[in-house]
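Text of coords.cif (mmCIF, C-alpha atoms and all ligand atoms) as supplied:
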```cif
data_run
#
loop_
_atom_site.label_atom_id
_atom_site.label_comp_id
_atom_site.auth_asym_id
_atom_site.auth_seq_id
_atom_site.Cartn_x
_atom_site.Cartn_y
_atom_site.Cartn_z
CA MET A 1 -26.65 -19.63 -34.54
CA VAL A 2 -26.67 -18.75 -30.88
CA ASP A 3 -29.44 -16.44 -29.80
CA ILE A 4 -27.67 -13.59 -28.04
CA LYS A 5 -30.59 -12.76 -25.75
CA ASP A 6 -30.77 -16.41 -24.65
CA LEU A 7 -27.04 -16.49 -24.14
CA ILE A 8 -27.11 -13.45 -21.84
CA GLU A 9 -30.20 -14.64 -19.96
CA ASN A 10 -28.81 -18.13 -19.46
CA THR A 11 -25.56 -16.75 -18.20
CA ILE A 12 -27.29 -14.46 -15.73
CA GLU A 13 -29.46 -17.29 -14.43
CA GLY A 14 -26.81 -19.97 -14.84
CA SER A 15 -24.84 -21.67 -12.13
CA THR A 16 -22.30 -19.71 -10.16
CA VAL A 17 -19.53 -20.46 -7.70
CA PHE A 18 -20.17 -17.17 -5.88
CA ASN A 19 -22.36 -16.79 -2.83
CA ASN A 20 -21.74 -13.33 -1.36
CA THR A 21 -19.72 -11.23 -3.80
CA SER A 22 -19.71 -8.19 -1.52
CA ALA A 23 -17.28 -10.05 0.77
CA LEU A 24 -14.73 -9.72 -2.05
CA ASN A 25 -15.22 -5.99 -2.37
CA PRO A 26 -12.05 -3.96 -1.63
CA GLU A 27 -13.99 -1.86 0.90
CA HIS A 28 -15.35 -4.87 2.77
CA ILE A 29 -14.17 -5.20 6.35
CA PRO A 30 -14.11 -8.86 7.36
CA ALA A 31 -14.87 -10.00 10.92
CA ASN A 32 -11.41 -11.61 11.26
CA LEU A 33 -8.01 -10.34 10.23
CA PRO A 34 -5.80 -13.42 10.21
CA HIS A 35 -2.11 -12.69 10.89
CA ARG A 36 -2.72 -9.16 12.05
CA GLU A 37 -3.39 -10.05 15.69
CA ASN A 38 0.05 -8.83 16.77
CA GLN A 39 -0.37 -5.50 15.02
CA ILE A 40 -3.77 -5.04 16.66
CA LYS A 41 -2.17 -5.79 20.01
CA GLU A 42 0.56 -3.24 19.36
CA LEU A 43 -2.04 -0.65 18.39
CA THR A 44 -3.97 -1.40 21.56
CA VAL A 45 -0.88 -0.98 23.71
CA SER A 46 -0.19 2.37 22.04
CA PHE A 47 -3.71 3.68 22.52
CA LYS A 48 -4.44 2.08 25.87
CA ASP A 49 -4.10 5.39 27.71
CA LEU A 50 -6.85 6.84 25.58
CA ILE A 51 -9.24 4.49 27.39
CA ILE A 52 -7.60 4.21 30.80
CA ASN A 53 -6.41 7.75 31.24
CA PRO A 54 -8.18 9.82 28.57
CA GLY A 55 -6.80 13.27 27.81
CA SER A 56 -3.42 12.74 29.43
CA THR A 57 -1.42 12.76 26.18
CA SER A 58 -1.95 13.09 22.46
CA ILE A 59 -1.02 9.65 21.11
CA ARG A 60 0.64 9.12 17.72
CA THR A 61 1.48 5.89 15.96
CA VAL A 62 2.86 5.14 12.53
CA ILE A 63 1.76 2.09 10.56
CA VAL A 64 4.22 1.12 7.86
CA GLY A 65 3.99 -1.62 5.25
CA ARG A 66 3.97 -2.35 1.55
CA THR A 67 0.83 -2.28 -0.56
CA GLY A 68 -1.82 -4.89 0.25
CA THR A 69 -0.48 -5.75 3.70
CA GLY A 70 -3.75 -4.84 5.45
CA LYS A 71 -2.83 -1.38 6.79
CA THR A 72 -6.12 0.27 5.87
CA VAL A 73 -8.41 -2.56 6.87
CA THR A 74 -6.61 -3.10 10.19
CA ALA A 75 -6.67 0.61 11.13
CA LYS A 76 -10.39 0.82 10.34
CA LYS A 77 -11.21 -2.32 12.27
CA PHE A 78 -9.12 -1.23 15.25
CA GLY A 79 -10.49 2.32 15.23
CA ASN A 80 -14.09 1.21 15.14
CA GLU A 81 -13.64 -1.45 17.81
CA LEU A 82 -11.83 0.99 20.09
CA LYS A 83 -14.60 3.50 19.58
CA GLY A 84 -17.16 0.87 20.62
CA ILE A 85 -15.18 -0.03 23.74
CA ALA A 86 -14.72 3.63 24.68
CA ASN A 87 -18.40 4.38 24.19
CA GLN A 88 -19.36 1.46 26.43
CA LYS A 89 -17.23 3.04 29.13
CA GLY A 90 -19.00 6.36 28.65
CA LEU A 91 -16.08 7.99 26.84
CA LYS A 92 -17.11 9.83 23.71
CA LEU A 93 -14.54 8.72 21.15
CA TYR A 94 -14.87 9.25 17.41
CA TYR A 95 -12.89 7.39 14.80
CA VAL A 96 -12.25 9.21 11.53
CA HIS A 97 -10.33 7.65 8.64
CA VAL A 98 -9.10 10.14 6.04
CA ASN A 99 -7.48 9.03 2.81
CA CYS A 100 -4.89 11.66 1.88
CA HIS A 101 -4.95 10.54 -1.72
CA ARG A 102 -8.66 11.25 -2.00
CA GLN A 103 -8.66 14.35 0.20
CA ARG A 104 -5.72 15.89 -1.57
CA THR A 105 -5.23 19.10 0.36
CA LEU A 106 -5.09 20.11 3.99
CA TYR A 107 -8.33 22.03 3.52
CA LEU A 108 -10.19 19.05 2.01
CA MET A 109 -8.91 16.82 4.81
CA LEU A 110 -10.24 19.19 7.46
CA MET A 111 -13.60 19.37 5.66
CA GLU A 112 -13.76 15.59 5.66
CA ILE A 113 -13.04 15.44 9.39
CA ALA A 114 -15.74 18.03 10.13
CA GLN A 115 -18.23 16.11 8.03
CA ASN A 116 -17.45 12.87 9.87
CA LEU A 117 -17.98 14.61 13.19
CA ARG A 118 -21.26 15.97 11.81
CA LEU A 119 -20.01 19.46 12.48
CA PRO A 120 -21.69 21.88 10.07
CA LEU A 121 -19.29 24.43 8.56
CA PRO A 122 -20.33 27.91 7.41
CA ASN A 123 -20.58 28.41 3.66
CA ARG A 124 -18.13 31.27 3.48
CA GLY A 125 -14.63 30.16 2.59
CA LEU A 126 -12.75 29.38 5.79
CA SER A 127 -9.00 29.10 6.03
CA SER A 128 -7.47 25.82 7.23
CA GLN A 129 -6.60 27.53 10.52
CA GLU A 130 -10.19 28.63 11.06
CA THR A 131 -11.54 25.19 10.16
CA PHE A 132 -9.15 23.51 12.55
CA LYS A 133 -10.17 25.92 15.29
CA LEU A 134 -13.86 25.08 14.73
CA ILE A 135 -13.13 21.35 14.90
CA TYR A 136 -11.08 21.75 18.02
CA ASP A 137 -13.66 23.96 19.77
CA TYR A 138 -16.30 21.42 18.88
CA LEU A 139 -14.30 18.60 20.52
CA GLU A 140 -13.94 20.74 23.64
CA ARG A 141 -17.57 21.83 23.75
CA LYS A 142 -18.96 18.33 23.29
CA ASN A 143 -16.28 16.66 25.39
CA LEU A 144 -15.21 14.41 22.50
CA HIS A 145 -12.01 12.56 21.72
CA LEU A 146 -10.93 11.95 18.16
CA LEU A 147 -8.75 9.16 16.79
CA LEU A 148 -7.73 10.33 13.36
CA THR A 149 -6.12 8.04 10.79
CA LEU A 150 -4.28 9.75 7.97
CA ASP A 151 -4.08 6.99 5.38
CA GLU A 152 -1.64 7.20 2.44
CA PHE A 153 0.12 9.90 4.38
CA ASP A 154 3.17 9.51 2.05
CA TYR A 155 1.01 11.11 -0.58
CA PHE A 156 0.28 14.13 1.58
CA ILE A 157 3.99 14.52 2.35
CA SER A 158 5.08 14.32 -1.25
CA THR A 159 2.48 16.75 -2.61
CA SER A 160 1.85 19.31 0.12
CA PRO A 161 3.78 22.44 0.94
CA ILE A 162 5.97 22.05 3.98
CA GLU A 163 3.84 24.60 5.90
CA ASP A 164 0.79 22.35 5.58
CA ILE A 165 2.64 19.29 6.86
CA TYR A 166 3.96 21.36 9.69
CA PHE A 167 0.51 22.73 10.45
CA LEU A 168 -1.12 19.34 10.47
CA VAL A 169 1.30 17.58 12.77
CA ARG A 170 2.28 20.41 15.09
CA ILE A 171 -0.69 22.67 15.53
CA TYR A 172 -2.30 20.57 18.20
CA ASP A 173 0.87 20.40 20.26
CA GLU A 174 1.23 24.12 20.07
CA LEU A 175 -2.22 24.72 21.50
CA ASN A 176 -1.71 24.75 25.20
CA VAL A 177 -4.64 22.55 26.16
CA SER A 178 -4.96 20.57 29.35
CA VAL A 179 -7.08 17.74 27.96
CA LYS A 180 -5.58 16.15 24.84
CA ARG A 181 -8.43 15.17 22.56
CA LEU A 182 -6.71 14.52 19.27
CA HIS A 183 -4.79 11.31 18.50
CA TYR A 184 -3.25 10.14 15.25
CA ILE A 185 -2.46 7.03 13.25
CA PHE A 186 -0.27 7.82 10.25
CA ILE A 187 -0.22 5.17 7.52
CA VAL A 188 2.73 5.06 5.11
CA ARG A 189 4.17 2.54 2.67
CA GLU A 190 7.79 3.41 3.38
CA LEU A 191 9.41 4.93 6.42
CA SER A 192 11.89 6.68 4.14
CA THR A 193 9.15 9.17 3.22
CA LEU A 194 9.23 10.34 6.82
CA SER A 195 12.96 10.13 7.36
CA GLY A 196 13.60 12.96 4.91
CA LEU A 197 11.36 15.33 6.85
CA ASP A 198 12.54 18.15 9.01
CA LYS A 199 13.46 17.00 12.52
CA SER A 200 10.92 19.35 14.10
CA ILE A 201 8.14 17.56 12.19
CA LYS A 202 9.57 14.08 12.49
CA ASP A 203 9.72 14.25 16.26
CA HIS A 204 6.00 14.91 16.34
CA ILE A 205 5.11 11.96 14.12
CA ILE A 206 7.50 9.14 14.82
CA LYS A 207 6.71 8.07 18.33
CA ASN A 208 5.86 4.50 17.77
CA ILE A 209 6.14 2.45 14.60
CA ILE A 210 4.11 -0.66 13.84
CA GLU A 211 5.29 -2.80 10.97
CA PHE A 212 3.02 -4.67 8.58
CA SER A 213 5.23 -7.19 6.85
CA PRO A 214 4.33 -8.71 3.46
CA TYR A 215 2.22 -11.86 3.86
CA THR A 216 3.79 -15.27 3.39
CA SER A 217 2.15 -17.92 1.29
CA SER A 218 0.62 -19.62 4.34
CA ASP A 219 -0.66 -16.25 5.68
CA LEU A 220 -2.41 -15.66 2.36
CA TYR A 221 -3.82 -19.17 2.42
CA ASP A 222 -5.49 -18.39 5.77
CA ILE A 223 -6.76 -15.01 4.55
CA LEU A 224 -8.32 -16.57 1.44
CA GLN A 225 -9.81 -19.43 3.48
CA ASP A 226 -11.35 -16.88 5.83
CA ARG A 227 -13.02 -15.06 2.92
CA ILE A 228 -14.29 -18.33 1.53
CA ILE A 229 -15.50 -20.01 4.70
CA ASN A 230 -16.27 -17.37 7.34
CA GLU A 231 -17.21 -14.52 5.01
CA LYS A 232 -19.05 -16.97 2.74
CA ALA A 233 -17.88 -15.31 -0.48
CA PHE A 234 -18.29 -18.61 -2.35
CA LYS A 235 -20.70 -21.50 -2.20
CA PRO A 236 -19.60 -24.38 0.03
CA ASN A 237 -16.91 -26.52 -1.63
CA ALA A 238 -16.82 -24.28 -4.72
CA VAL A 239 -13.11 -23.54 -4.43
CA SER A 240 -10.58 -26.34 -4.72
CA ASP A 241 -7.80 -26.43 -2.18
CA GLU A 242 -5.19 -26.54 -4.98
CA ALA A 243 -6.54 -23.27 -6.40
CA ILE A 244 -6.17 -21.55 -3.02
CA LYS A 245 -2.67 -22.97 -2.63
CA PHE A 246 -1.67 -21.87 -6.13
CA ILE A 247 -2.83 -18.29 -5.54
CA SER A 248 -1.15 -18.13 -2.11
CA ASP A 249 2.13 -19.43 -3.57
CA ILE A 250 2.10 -16.94 -6.44
CA HIS A 251 1.71 -13.98 -4.10
CA GLY A 252 3.44 -15.21 -0.93
CA ALA A 253 6.47 -13.10 -0.02
CA ASP A 254 8.41 -16.22 0.97
CA LYS A 255 7.84 -17.65 -2.52
CA GLY A 256 9.03 -14.60 -4.44
CA GLY A 257 5.65 -12.82 -4.57
CA SER A 258 4.84 -9.38 -3.21
CA GLY A 259 2.91 -10.59 -0.13
CA ASN A 260 -0.08 -8.51 -1.25
CA ALA A 261 -3.47 -9.75 0.04
CA ARG A 262 -5.39 -7.48 -2.33
CA LEU A 263 -3.84 -9.18 -5.36
CA ALA A 264 -4.52 -12.62 -3.89
CA ILE A 265 -8.20 -11.80 -3.30
CA GLU A 266 -8.55 -10.25 -6.75
CA THR A 267 -7.01 -13.31 -8.37
CA LEU A 268 -9.44 -15.57 -6.53
CA GLU A 269 -12.39 -13.42 -7.58
CA LEU A 270 -11.31 -13.46 -11.21
CA ALA A 271 -10.78 -17.23 -11.07
CA GLY A 272 -14.40 -17.47 -9.89
CA LYS A 273 -15.60 -15.42 -12.84
CA ILE A 274 -13.65 -17.61 -15.24
CA ALA A 275 -15.19 -20.73 -13.65
CA ASP A 276 -18.65 -19.18 -14.09
CA THR A 277 -18.00 -18.42 -17.78
CA GLU A 278 -17.10 -22.06 -18.25
CA ASN A 279 -20.14 -23.20 -16.25
CA ALA A 280 -17.77 -25.05 -13.93
CA PRO A 281 -19.10 -25.84 -10.42
CA ILE A 282 -15.67 -25.66 -8.80
CA ILE A 283 -12.76 -23.21 -9.13
CA THR A 284 -9.82 -25.36 -10.17
CA VAL A 285 -6.13 -24.60 -10.28
CA GLU A 286 -6.51 -24.09 -14.05
CA HIS A 287 -8.98 -21.27 -13.43
CA ALA A 288 -6.56 -19.77 -10.92
CA LYS A 289 -3.72 -19.94 -13.46
CA LYS A 290 -5.83 -18.26 -16.12
CA ALA A 291 -6.83 -15.57 -13.65
CA ASN A 292 -3.24 -14.99 -12.71
CA SER A 293 -2.08 -14.47 -16.26
CA LYS A 294 -4.94 -12.03 -16.83
CA ILE A 295 -4.19 -10.05 -13.69
CA ASN A 296 -0.52 -9.87 -14.55
CA PRO A 297 -0.61 -9.07 -18.27
CA GLU A 298 2.32 -6.64 -17.93
CA MET A 299 4.58 -9.57 -17.22
CA SER A 300 4.38 -10.98 -20.76
CA VAL A 301 4.97 -7.55 -22.36
CA ILE A 302 7.87 -6.91 -20.02
CA THR A 303 9.36 -10.33 -20.72
CA ASP A 304 9.35 -9.61 -24.45
CA THR A 305 10.98 -6.21 -24.03
CA ILE A 306 13.66 -7.57 -21.72
CA LYS A 307 14.70 -10.16 -24.32
CA ASP A 308 15.72 -7.34 -26.70
CA LEU A 309 17.82 -5.32 -24.26
CA ASP A 310 21.58 -4.75 -24.37
CA LEU A 311 23.77 -5.95 -21.53
CA HIS A 312 24.05 -2.77 -19.47
CA TYR A 313 20.30 -2.17 -19.47
CA LEU A 314 19.93 -5.67 -18.09
CA LEU A 315 22.57 -5.01 -15.44
CA LEU A 316 20.68 -1.91 -14.33
CA LEU A 317 17.43 -3.86 -14.04
CA LYS A 318 19.25 -6.56 -12.13
CA ALA A 319 20.62 -3.93 -9.76
CA ILE A 320 17.13 -2.55 -9.09
CA SER A 321 15.63 -6.00 -8.60
CA SER A 322 18.35 -6.99 -6.16
CA LEU A 323 17.79 -3.77 -4.19
CA HIS A 324 14.09 -4.61 -3.98
CA LYS A 325 14.95 -8.01 -2.64
CA LYS A 326 17.59 -6.88 -0.21
CA GLN A 327 15.78 -3.89 1.23
CA GLY A 328 12.12 -4.68 0.64
CA GLU A 329 11.37 -1.07 -0.26
CA ASP A 330 9.56 0.08 -3.36
CA PHE A 331 11.62 3.05 -4.55
CA PHE A 332 15.37 3.73 -4.50
CA PRO A 333 17.35 6.91 -5.04
CA MET A 334 19.19 7.09 -8.35
CA GLY A 335 22.57 7.16 -6.56
CA ARG A 336 21.81 3.93 -4.72
CA VAL A 337 20.81 2.20 -7.97
CA GLU A 338 23.99 3.39 -9.67
CA GLU A 339 26.10 2.08 -6.81
CA GLU A 340 24.40 -1.32 -6.94
CA TYR A 341 24.79 -1.38 -10.73
CA ARG A 342 28.56 -0.87 -10.36
CA THR A 343 28.74 -3.76 -7.93
CA VAL A 344 26.71 -6.02 -10.23
CA ALA A 345 28.86 -5.07 -13.25
CA SER A 346 32.18 -5.58 -11.43
CA LEU A 347 31.10 -8.96 -10.11
CA LEU A 348 30.57 -10.05 -13.70
CA GLY A 349 33.89 -8.58 -14.81
CA GLU A 350 32.23 -5.84 -16.85
CA GLU A 351 33.48 -2.23 -16.94
CA PRO A 352 30.62 -0.11 -15.52
CA ARG A 353 29.37 2.73 -17.75
CA ARG A 354 29.83 6.37 -16.77
CA HIS A 355 27.24 8.40 -14.88
CA THR A 356 25.93 10.32 -17.93
CA GLN A 357 25.50 7.08 -19.85
CA ILE A 358 23.64 5.47 -16.95
CA PHE A 359 21.37 8.49 -16.80
CA GLU A 360 20.52 7.95 -20.46
CA TYR A 361 19.84 4.22 -19.86
CA ILE A 362 17.47 5.08 -17.05
CA ARG A 363 15.65 7.56 -19.27
CA ARG A 364 15.20 4.93 -21.99
CA LEU A 365 14.15 2.18 -19.60
CA LYS A 366 11.49 4.56 -18.36
CA LEU A 367 10.27 5.22 -21.90
CA MET A 368 10.06 1.46 -22.49
CA GLY A 369 7.92 1.12 -19.34
CA LEU A 370 10.49 -1.10 -17.64
CA ILE A 371 11.01 1.18 -14.68
CA LEU A 372 8.97 3.74 -12.82
CA THR A 373 10.48 6.99 -11.59
CA ARG A 374 9.31 9.69 -9.28
CA HIS A 375 10.83 12.62 -7.49
CA SER A 376 11.62 12.47 -3.81
CA SER A 377 9.18 14.35 -1.64
CA LYS A 378 9.15 18.09 -1.25
CA GLY A 379 9.67 17.62 2.44
CA MET A 380 13.10 16.08 1.83
CA ARG A 381 16.25 18.09 1.60
CA GLY A 382 17.61 18.07 -1.96
CA ARG A 383 15.34 16.41 -4.54
CA THR A 384 16.43 13.23 -6.20
CA THR A 385 14.96 10.76 -8.68
CA LEU A 386 13.55 7.61 -7.12
CA ILE A 387 13.39 4.42 -9.15
CA SER A 388 11.25 1.30 -8.97
CA LEU A 389 10.24 -1.69 -11.08
CA PRO A 390 6.64 -1.70 -12.39
CA ILE A 391 6.09 -5.35 -11.40
CA PRO A 392 6.92 -7.32 -8.28
CA VAL A 393 10.27 -9.07 -8.24
CA SER A 394 9.45 -12.74 -8.79
CA THR A 395 11.67 -15.76 -9.24
CA GLU A 396 10.46 -15.73 -12.84
CA LEU A 397 11.77 -12.20 -13.38
CA GLU A 398 15.08 -12.90 -11.68
CA GLU A 399 15.64 -16.03 -13.74
CA LEU A 400 14.79 -14.16 -16.91
CA LEU A 401 17.27 -11.37 -16.14
CA ASP A 402 20.04 -13.77 -15.14
CA GLY A 403 19.46 -15.91 -18.22
CA GLU A 404 19.56 -12.94 -20.60
CA ILE A 405 22.66 -11.48 -18.92
CA LYS A 406 24.43 -14.81 -19.25
CA ARG A 407 23.57 -15.02 -22.95
CA ARG A 408 24.84 -11.49 -23.64
CA LEU A 409 28.09 -12.22 -21.80
CA GLN A 410 28.65 -15.49 -23.66
CA LYS A 411 27.96 -13.82 -26.99
CA SER A 412 30.37 -10.94 -26.36
CA ARG A 413 33.08 -13.30 -25.14
CA LEU A 414 32.69 -15.52 -28.18
CA SER A 415 32.97 -12.59 -30.56
CA SER A 416 36.03 -11.06 -28.89
N1 LIG A 501 -5.12 -9.99 7.53
C1 LIG A 501 -6.10 -9.86 6.64
N2 LIG A 501 -7.22 -10.60 6.74
C2 LIG A 501 -8.22 -10.48 5.86
N3 LIG A 501 -8.18 -9.63 4.81
C3 LIG A 501 -7.08 -8.87 4.64
C4 LIG A 501 -6.00 -8.94 5.56
N4 LIG A 501 -5.03 -8.08 5.15
C5 LIG A 501 -5.50 -7.50 4.03
N5 LIG A 501 -6.73 -7.96 3.71
C6 LIG A 501 -7.54 -7.57 2.55
O1 LIG A 501 -6.64 -7.29 1.49
C7 LIG A 501 -7.01 -6.12 0.80
C8 LIG A 501 -5.91 -5.08 0.93
O2 LIG A 501 -5.79 -4.65 2.27
P1 LIG A 501 -5.59 -3.10 2.65
O3 LIG A 501 -6.41 -2.26 1.73
O4 LIG A 501 -5.82 -2.94 4.09
O5 LIG A 501 -4.04 -2.95 2.28
P2 LIG A 501 -3.10 -1.69 2.50
O6 LIG A 501 -1.93 -2.16 3.29
O7 LIG A 501 -3.88 -0.54 3.02
O8 LIG A 501 -2.60 -1.41 0.99
P3 LIG A 501 -2.24 0.00 0.30
O9 LIG A 501 -0.87 0.38 0.78
O10 LIG A 501 -2.23 -0.35 -1.17
O11 LIG A 501 -3.31 0.98 0.65
C9 LIG A 501 -8.33 -5.68 1.41
O12 LIG A 501 -9.37 -6.23 0.66
C10 LIG A 501 -8.30 -6.28 2.80
O13 LIG A 501 -9.58 -6.53 3.29
MG MG A 502 -4.46 1.24 2.19
#
```

With the file now loaded, output its structure as structure tokens.
Ligand SMILES: Nc1ncnc2c1ncn2[C@@H]1O[C@H](COP(=O)(O)OP(=O)(O)OP(=O)(O)O)[C@@H](O)[C@H]1O
Ligand SMILES: [Mg+2]
Amino acid sequence: MVDIKDLIENTIEGSTVFNNTSALNPEHIPANLPHRENQIKELTVSFKDLIINPGSTSIRTVIVGRTGTGKTVTAKKFGNELKGIANQKGLKLYYVHVNCHRQRTLYLMLMEIAQNLRLPLPNRGLSSQETFKLIYDYLERKNLHLLLTLDEFDYFISTSPIEDIYFLVRIYDELNVSVKRLHYIFIVRELSTLSGLDKSIKDHIIKNIIEFSPYTSSDLYDILQDRIINEKAFKPNAVSDEAIKFISDIHGADKGGSGNARLAIETLELAGKIADTENAPIITVEHAKKANSKINPEMSVITDTIKDLDLHYLLLLKAISSLHKKQGEDFFPMGRVEEEYRTVASLLGEEPRRHTQIFEYIRRLKLMGLILTRHSSKGMRGRTTLISLPIPVSTELEELLDGEIKRRLQKSRLSS
């Protein structure tokens, strides 16, 4: 019999491949950001006037990119570095990073900004207007500049009343001030969230767009290497090169992955934990494979469900996956999916189903967990259902769909 206390103690004290686990923390900001040098340059060009000619204009930039492409970490790094440079030149610049998903309302966002500026607010309930006025007066009084990042801004747009969006992006322009102290970085996953907005709002946001493309396999390789070597997340030589390559290939956008650095780092961390459980001194490709199947458990469930679907459900899924591939966006309007489905069906010589039938298929696919749906944002004219797949489009998924479609077609042709 194994003594449980011994087992736990031995495992705690046992060998480990890890050195500095905090370097793998999602909040950790590494010293280097491989493959984001161009984006940092573009940000610098946009905000250059803030340093050279402070107060001349209120600068706005949009960062757009899919999940895990380094938008948050790059904005934070840039903001803090710029603040340091400004301060050295005697310019009082603050950098405040607000996550719109965490600070869910305009009021909470303003509170967060005040807190970051160390501006005490009175206890009585203030309106958003009053809070903004206090913040603005404070900037004036103390001669401060503020670079404000509104992260996950899509979320704010899709959940807030139009008046609040309007207030947030226009109020400063409407104040007739001579020295412009407030500057914005808006972070979104898809530009389409902004394109549906009213022109009067859009013109105030979209001045300059910086794209964060999904990482390729070799980008991810460099990012993982940087965490291992420069950030010293693991002991020297504790990660095999094949393991790093495997993880980079799985997630690299050029190899059918989603190009998501977060997933790559998480997979590496989990591979390390698996190696530790096995008392292995080195993370091998086997550990990486095990980690990958654990991180992606939906895939096996989804695979099983797909194998039981009728032809037209498969054609719909194929349509969505090909839209993902062609357009690189995450969500598509129902009408666009239907259109693509008709194309896919006709190409295979199948009569497409009618609109009401397709609607029913979509509803069932959603119940089976094979698609995600959401409503288009309140800011957009005319609400529509947006559709996405719950997992990244991989070669594996595409092959599975094509294979199943082929089998259904052969079966129906044999029986007719
Ligand atoms: N170029 C890079 N170099 C080093 N680490 C990176 C790089 N890009 C992303 N990362 C790391 O990958 C993880 C995800 O990055 P980040 O949170 O910035 O993504 P994001 O684009 O904001 O994603 P989301 O849209 O989901 O918020 C973080 O741990 C971050 O440190
Ligand atoms: Mg982010």

Centre, x/y/z edge lengths, axis-aligned box for ligand LIG 501 (chain A) with 6 Å per side, as JSON:
```
{"center_x": -5.2, "center_y": -4.8, "center_z": 3.2, "size_x": 20.7, "size_y": 23.6, "size_z": 20.7}
```

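You can rank A:Lys232, A:Asn10, A:Arg104, A:Leu93 by their closest distance to Ala23 in chain A using all atoms listed in the file, and at the top of that list sits A:Lys232.
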
- request: Using all atoms listed in the file, determine which residues lie at most 7 Å from range 38-54 of chain A, disregarding the query and same-chain residues fewer than 2 positions distant; provide the list as a list of chain:residue names.
  value: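 Using all atoms listed in the file, the neighbours found are A:Arg36, A:Ser56, A:Ile59, A:Phe78, A:Ala86, A:Ile210.
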
Next, the residues of the selection above should be written as a PDB file, keeping the file's coordinate frame with C-alpha atoms.
```pdb
ATOM      1  CA  ARG A  36      -2.720  -9.160  12.050  1.00  0.00           C
ATOM      2  CA  SER A  56      -3.420  12.740  29.430  1.00  0.00           C
ATOM      3  CA  ILE A  59      -1.020   9.650  21.110  1.00  0.00           C
ATOM      4  CA  PHE A  78      -9.120  -1.230  15.250  1.00  0.00           C
ATOM      5  CA  ALA A  86     -14.720   3.630  24.680  1.00  0.00           C
ATOM      6  CA  ILE A 210       4.110  -0.660  13.840  1.00  0.00           C
TER       7      ILE A 210
END
```

Would you pick out the contacts of Leu389 in chain A at 9 Å or less, using all atoms listed in the file, so that residues sharing its chain but fewer than 2 positions from it are not included, and give the list as a PDB file with C-alpha atoms, keeping the file's coordinate frame?
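The result, stored in out.pdb:
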```pdb
ATOM      1  CA  LEU A 317      17.430  -3.860 -14.040  1.00  0.00           C
ATOM      2  CA  ILE A 320      17.130  -2.550  -9.090  1.00  0.00           C
ATOM      3  CA  SER A 321      15.630  -6.000  -8.600  1.00  0.00           C
ATOM      4  CA  HIS A 324      14.090  -4.610  -3.980  1.00  0.00           C
ATOM      5  CA  ASP A 330       9.560   0.080  -3.360  1.00  0.00           C
ATOM      6  CA  PHE A 331      11.620   3.050  -4.550  1.00  0.00           C
ATOM      7  CA  LEU A 370      10.490  -1.100 -17.640  1.00  0.00           C
ATOM      8  CA  ILE A 371      11.010   1.180 -14.680  1.00  0.00           C
ATOM      9  CA  LEU A 372       8.970   3.740 -12.820  1.00  0.00           C
ATOM     10  CA  THR A 373      10.480   6.990 -11.590  1.00  0.00           C
ATOM     11  CA  ILE A 387      13.390   4.420  -9.150  1.00  0.00           C
ATOM     12  CA  ILE A 391       6.090  -5.350 -11.400  1.00  0.00           C
ATOM     13  CA  PRO A 392       6.920  -7.320  -8.280  1.00  0.00           C
ATOM     14  CA  VAL A 393      10.270  -9.070  -8.240  1.00  0.00           C
TER      15      VAL A 393
END
```

What residues have any atom no more than 7 Å from ligand LIG 501 (chain A) when counting all atoms listed in the file, and can you list them as a short mmCIF file (atom, residue, chain, number, x, y, z; two decimals) with C-alpha atoms, in the coordinates of the input?
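This went into pocket.cif:
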```
data_model
loop_
_atom_site.label_atom_id
_atom_site.label_comp_id
_atom_site.auth_asym_id
_atom_site.auth_seq_id
_atom_site.Cartn_x
_atom_site.Cartn_y
_atom_site.Cartn_z
CA LEU A 24 -14.73 -9.72 -2.05
CA ASN A 25 -15.22 -5.99 -2.37
CA PRO A 26 -12.05 -3.96 -1.63
CA GLU A 27 -13.99 -1.86 0.90
CA HIS A 28 -15.35 -4.87 2.77
CA ILE A 29 -14.17 -5.20 6.35
CA PRO A 30 -14.11 -8.86 7.36
CA ASN A 32 -11.41 -11.61 11.26
CA LEU A 33 -8.01 -10.34 10.23
CA PRO A 34 -5.80 -13.42 10.21
CA HIS A 35 -2.11 -12.69 10.89
CA ARG A 36 -2.72 -9.16 12.05
CA GLY A 65 3.99 -1.62 5.25
CA ARG A 66 3.97 -2.35 1.55
CA THR A 67 0.83 -2.28 -0.56
CA GLY A 68 -1.82 -4.89 0.25
CA THR A 69 -0.48 -5.75 3.70
CA GLY A 70 -3.75 -4.84 5.45
CA LYS A 71 -2.83 -1.38 6.79
CA THR A 72 -6.12 0.27 5.87
CA VAL A 73 -8.41 -2.56 6.87
CA THR A 74 -6.61 -3.10 10.19
CA GLU A 152 -1.64 7.20 2.44
CA ARG A 189 4.17 2.54 2.67
CA ILE A 223 -6.76 -15.01 4.55
CA ALA A 261 -3.47 -9.75 0.04
CA ARG A 262 -5.39 -7.48 -2.33
CA ILE A 265 -8.20 -11.80 -3.30
#
```

- If we count all atoms listed in the file, what is near Tyr138 in chain A at a cut-off of 12 Å, once residues fewer than 2 positions away on the same chain are taken out, given as a PyMOL selection string? chain A and resi 113-114+117-121+131-136+140-146+181-182

Kindly give the distance, in Å, that separates CA of Asp6 in chain A and CA of Lys235 in chain A, rounded to a single decimal.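 CA of Lys235 in chain A lies 25.1 Å from CA of Asp6 in chain A.
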
### Message
Measuring between only C-alpha atoms and all ligand atoms, which one of A:Tyr215, A:Phe167, A:Tyr95, A:Phe153 shows the shortest distance to ligand MG 502 (chain A)?
### Response
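Using only C-alpha atoms and all ligand atoms, ligand MG 502 (chain A) sits closest to A:Phe153.
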